[in-house]
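Please read the structure below before turning to the comments.
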Amino acid sequence: MERHQNTETASSEAATIEHRAYARVGLLGNPSDVYYGRTISFGLGNFWACVKLHPSDELVIRPHPTHDLVVFRSLPHLVNRLDNEGYYGGVRLLMAICKVFSDYCKEKGIRLDSRNFTLSYDTNIPRQTGLSGSSAIVCAALSCLLDFYNVRHLIKAEVRPGIVLEAEKQLGIVAGLQDRVAQVYGGLVYMEFGKEHMDSLGHGIYTPMDVSLLPPLYLIYAENPSDSGKVHSTVRQRWLSGNELIISSMKEVADIAKEGRTALLEKDYTKLAALMNSNFDLRRRMFGDDALGALNIEMVEVARRVGAASKFTGSGGAVVVFCPDGPSQVKLLEEACLSAGFKLEPIKVIPSLLNEVDLQTLSK
């Protein structure tokens with residue numbers, strides 16, 4: 001009997017599918033991805049979400065022992081947990097991607113067999129830092145589903161970010177395609193979201209770039225950052241209503257990504273630093289200080305006070321920094337961040353995540 005149980009366990013472990021999706025950094029052009037613009041983003045190897053799937057008799061979404069906590073020591077413990085972590089863990093994200101994946105396959109005539117599975121997840125991506133923690137969980141889960149049902153070859157890599165985004169939209173999460181492209185593709189990616197292409201195909205044009213083109217970059221983030229999900233709201237309404245400042249500024253932001261691609265290809269890092277700073281200045285002009293939040297602005301300013309280039313990685317909560325003057329400037333930045341109470345770490349850029357099957361699905 002004991003041997004039989006061990007065999008079952010070994011068999012279950014052998015059948016387990018596991019995928020990681022990484023945090024992402026919007027280097028240039030964000031937030032123009034939501035406005036038919038262009039961006040450059042990369043996968044951030046410092047933080048990731050991991051999803052595991054194994055076959056089971058029933059379909060089970062397993063709550064995370066920390067992020068989906070439902071047992072508390074006391075009422076103050078519950079209140080403190082909600083103040084710091086919010087109301088939502090990852091269970092809703094896993095449920096949403098299961099539904100959206102099923103709907104997509106049904107619409108496209110992709111047959112899924114009737115086996116069941118158990119999904120579980122873990123993540124070390126700091127919450128509310130604008131590093132796309134939610135979409136990382138969804139993206140990793142989608143990869144598990146693609147392999148479990150053996151349909152990776154039937155769903156193009158270009159459309160997968162849209163499937164991830166649709167799952168998040170079902171939950172009221174406000175976002176654009178950029179983050180999900182970076183998480184599906186990995187590596188460094190130049191993205192164009194022109195209206196004609198988006199309207200006809202439902203996705204942008206995504207061009208992987210060599211990660212070795214990037215100079216050393218650093219990440220600043222706060223322990224208790226603002227919520228990145230509320231930052232786009234007023235700007236979007238003004239853009240839709242034809243506000244000239246927003247429309248012209250957003251075009252400038254999109255052009256920054258285009259110029260940035262050239263700067264990276266030529267390794268013109270002086271130009272890159274100027275573009276990073278301009279990107280943030282334009283965001284600040286559009287959104288205003290109240291929407292961006294004092295803490296987020298201070299993270300940018302801490303870097304700028306030592307002469308470094310800096311901008312948000314997303315919508316706030318974390319900042320990507322380039323120190324053009326090298327190690328001596330990095331040392332000054334370390335001291336400034338320590339004094340301000342911010343965390344600082346060197347950025348690790350992940351290589352491309354696309355495998356041979358994924359590459360074969362790409363549009364020629």
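The way I read the labels, and the way they are meant: chains A, B, ... in the order of the structure tokens, residue 1 as the first residue of every chain, and ligand 1 as the first ligand shown, with later ones counted on from there.
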Stretch 79-91 of chain A: which residues within 6 Å, counting only C-alpha atoms, same-chain residues fewer than 3 positions away excluded, as an mmCIF file with N, CA, C and O atoms, in the first residue's frame?
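The file below, around_24.cif, is the result:
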data_model
loop_
_atom_site.group_PDB
_atom_site.id
_atom_site.type_symbol
_atom_site.label_atom_id
_atom_site.label_comp_id
_atom_site.auth_asym_id
_atom_site.auth_seq_id
_atom_site.Cartn_x
_atom_site.Cartn_y
_atom_site.Cartn_z
ATOM 1 N N PRO A 63 -5.555 28.052 -3.161
ATOM 2 C CA PRO A 63 -5.191 29.362 -2.589
ATOM 3 C C PRO A 63 -3.747 29.363 -2.088
ATOM 4 O O PRO A 63 -3.228 28.339 -1.638
ATOM 5 N N HIS A 67 -0.796 34.903 0.275
ATOM 6 C CA HIS A 67 -1.469 35.926 -0.534
ATOM 7 C C HIS A 67 -2.984 35.761 -0.575
ATOM 8 O O HIS A 67 -3.700 36.696 -0.939
ATOM 9 N N ASP A 68 -3.477 34.586 -0.222
ATOM 10 C CA ASP A 68 -4.925 34.356 -0.179
ATOM 11 C C ASP A 68 -5.368 33.993 1.239
ATOM 12 O O ASP A 68 -6.222 33.144 1.447
ATOM 13 N N PRO A 76 -7.211 43.212 14.378
ATOM 14 C CA PRO A 76 -6.140 44.118 13.922
ATOM 15 C C PRO A 76 -5.231 43.468 12.874
ATOM 16 O O PRO A 76 -4.770 44.139 11.947
ATOM 17 N N LEU A 94 -6.156 33.252 -11.442
ATOM 18 C CA LEU A 94 -6.100 31.909 -12.032
ATOM 19 C C LEU A 94 -7.459 31.492 -12.586
ATOM 20 O O LEU A 94 -7.552 30.899 -13.666
#
What lies within 8 Å of stretch 118-126 of chain A using only C-alpha atoms, ignoring chain neighbours under 3 positions off, as a list in words? Ala23, Phe47, Trp48, Ala49, Cys50, Val51, Lys52, Leu53, His54, Pro55, Ser56, Glu58, Leu59, Val60, Ile61, Arg62, Pro63, His64, Gly90, Leu94, Thr129, Leu131, Gly133, Ile137 and Ala141 of chain A
Only C-alpha atoms, please: the residues just picked out, written as a short mmCIF file (atom, residue, chain, number, x, y, z; two decimals), in the first residue's frame.
data_model
loop_
_atom_site.label_atom_id
_atom_site.label_comp_id
_atom_site.auth_asym_id
_atom_site.auth_seq_id
_atom_site.Cartn_x
_atom_site.Cartn_y
_atom_site.Cartn_z
CA ALA A 23 8.19 41.17 -13.60
CA PHE A 47 11.25 39.00 -9.48
CA TRP A 48 8.85 36.41 -10.85
CA ALA A 49 5.62 34.50 -10.42
CA CYS A 50 5.58 30.72 -10.65
CA VAL A 51 2.52 28.61 -11.49
CA LYS A 52 2.32 24.83 -11.20
CA LEU A 53 -0.28 22.58 -12.84
CA HIS A 54 -0.75 18.88 -12.23
CA PRO A 55 -3.52 16.50 -13.33
CA SER A 56 -6.26 15.85 -10.79
CA GLU A 58 -11.41 17.66 -10.08
CA LEU A 59 -10.43 21.12 -11.30
CA VAL A 60 -8.86 22.81 -8.25
CA ILE A 61 -7.55 26.37 -7.84
CA ARG A 62 -5.35 26.21 -4.78
CA PRO A 63 -5.19 29.36 -2.59
CA HIS A 64 -1.75 30.67 -1.65
CA GLY A 90 -4.09 35.26 -6.96
CA LEU A 94 -6.10 31.91 -12.03
CA THR A 129 5.16 48.48 -7.44
CA LEU A 131 6.13 45.73 -11.93
CA GLY A 133 2.77 41.25 -10.54
CA ILE A 137 0.64 35.14 -12.42
CA ALA A 141 -0.79 30.12 -15.76
#
As a PyMOL selection string, please: all residues of stretch 120-258 of chain A that backbone DSSP puts in strand (DSSP E or B). chain A and resi 120-123+186+188-192+205-209+217-221
Which residues come within 12 Å of stretch 239-242 of chain A, counting only C-alpha atoms, excluding same-chain residues fewer than 4 positions away, as JSON, numbers by chain? {"A": [32, 34, 35, 36, 232, 233, 234, 235, 246, 247, 248, 249, 250, 251, 286, 287]}
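The residue that comes closest to A:Gln128, out of A:Tyr221, A:Leu27, A:Ala336, A:Ile297 and on the basis of only C-alpha atoms, is A:Tyr221.
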To one decimal place, how far is atom CA of A:Ala274 from atom CA of A:Ala309 in Å? 7.1 Å
Using only C-alpha atoms, which protein or nucleic acid residues come within 10 Å of stretch 100-109 of chain A? Drop anything in the same chain fewer than 3 positions from it, and give the result as JSON, numbers by chain. {"A": [95, 96, 97, 112, 142, 145, 146, 151, 154, 155, 160, 163, 164, 165, 166, 167, 168, 170]}
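From atom CA of A:Phe117 back to atom CA of A:Asp358, the distance works out to 23.2 Å.
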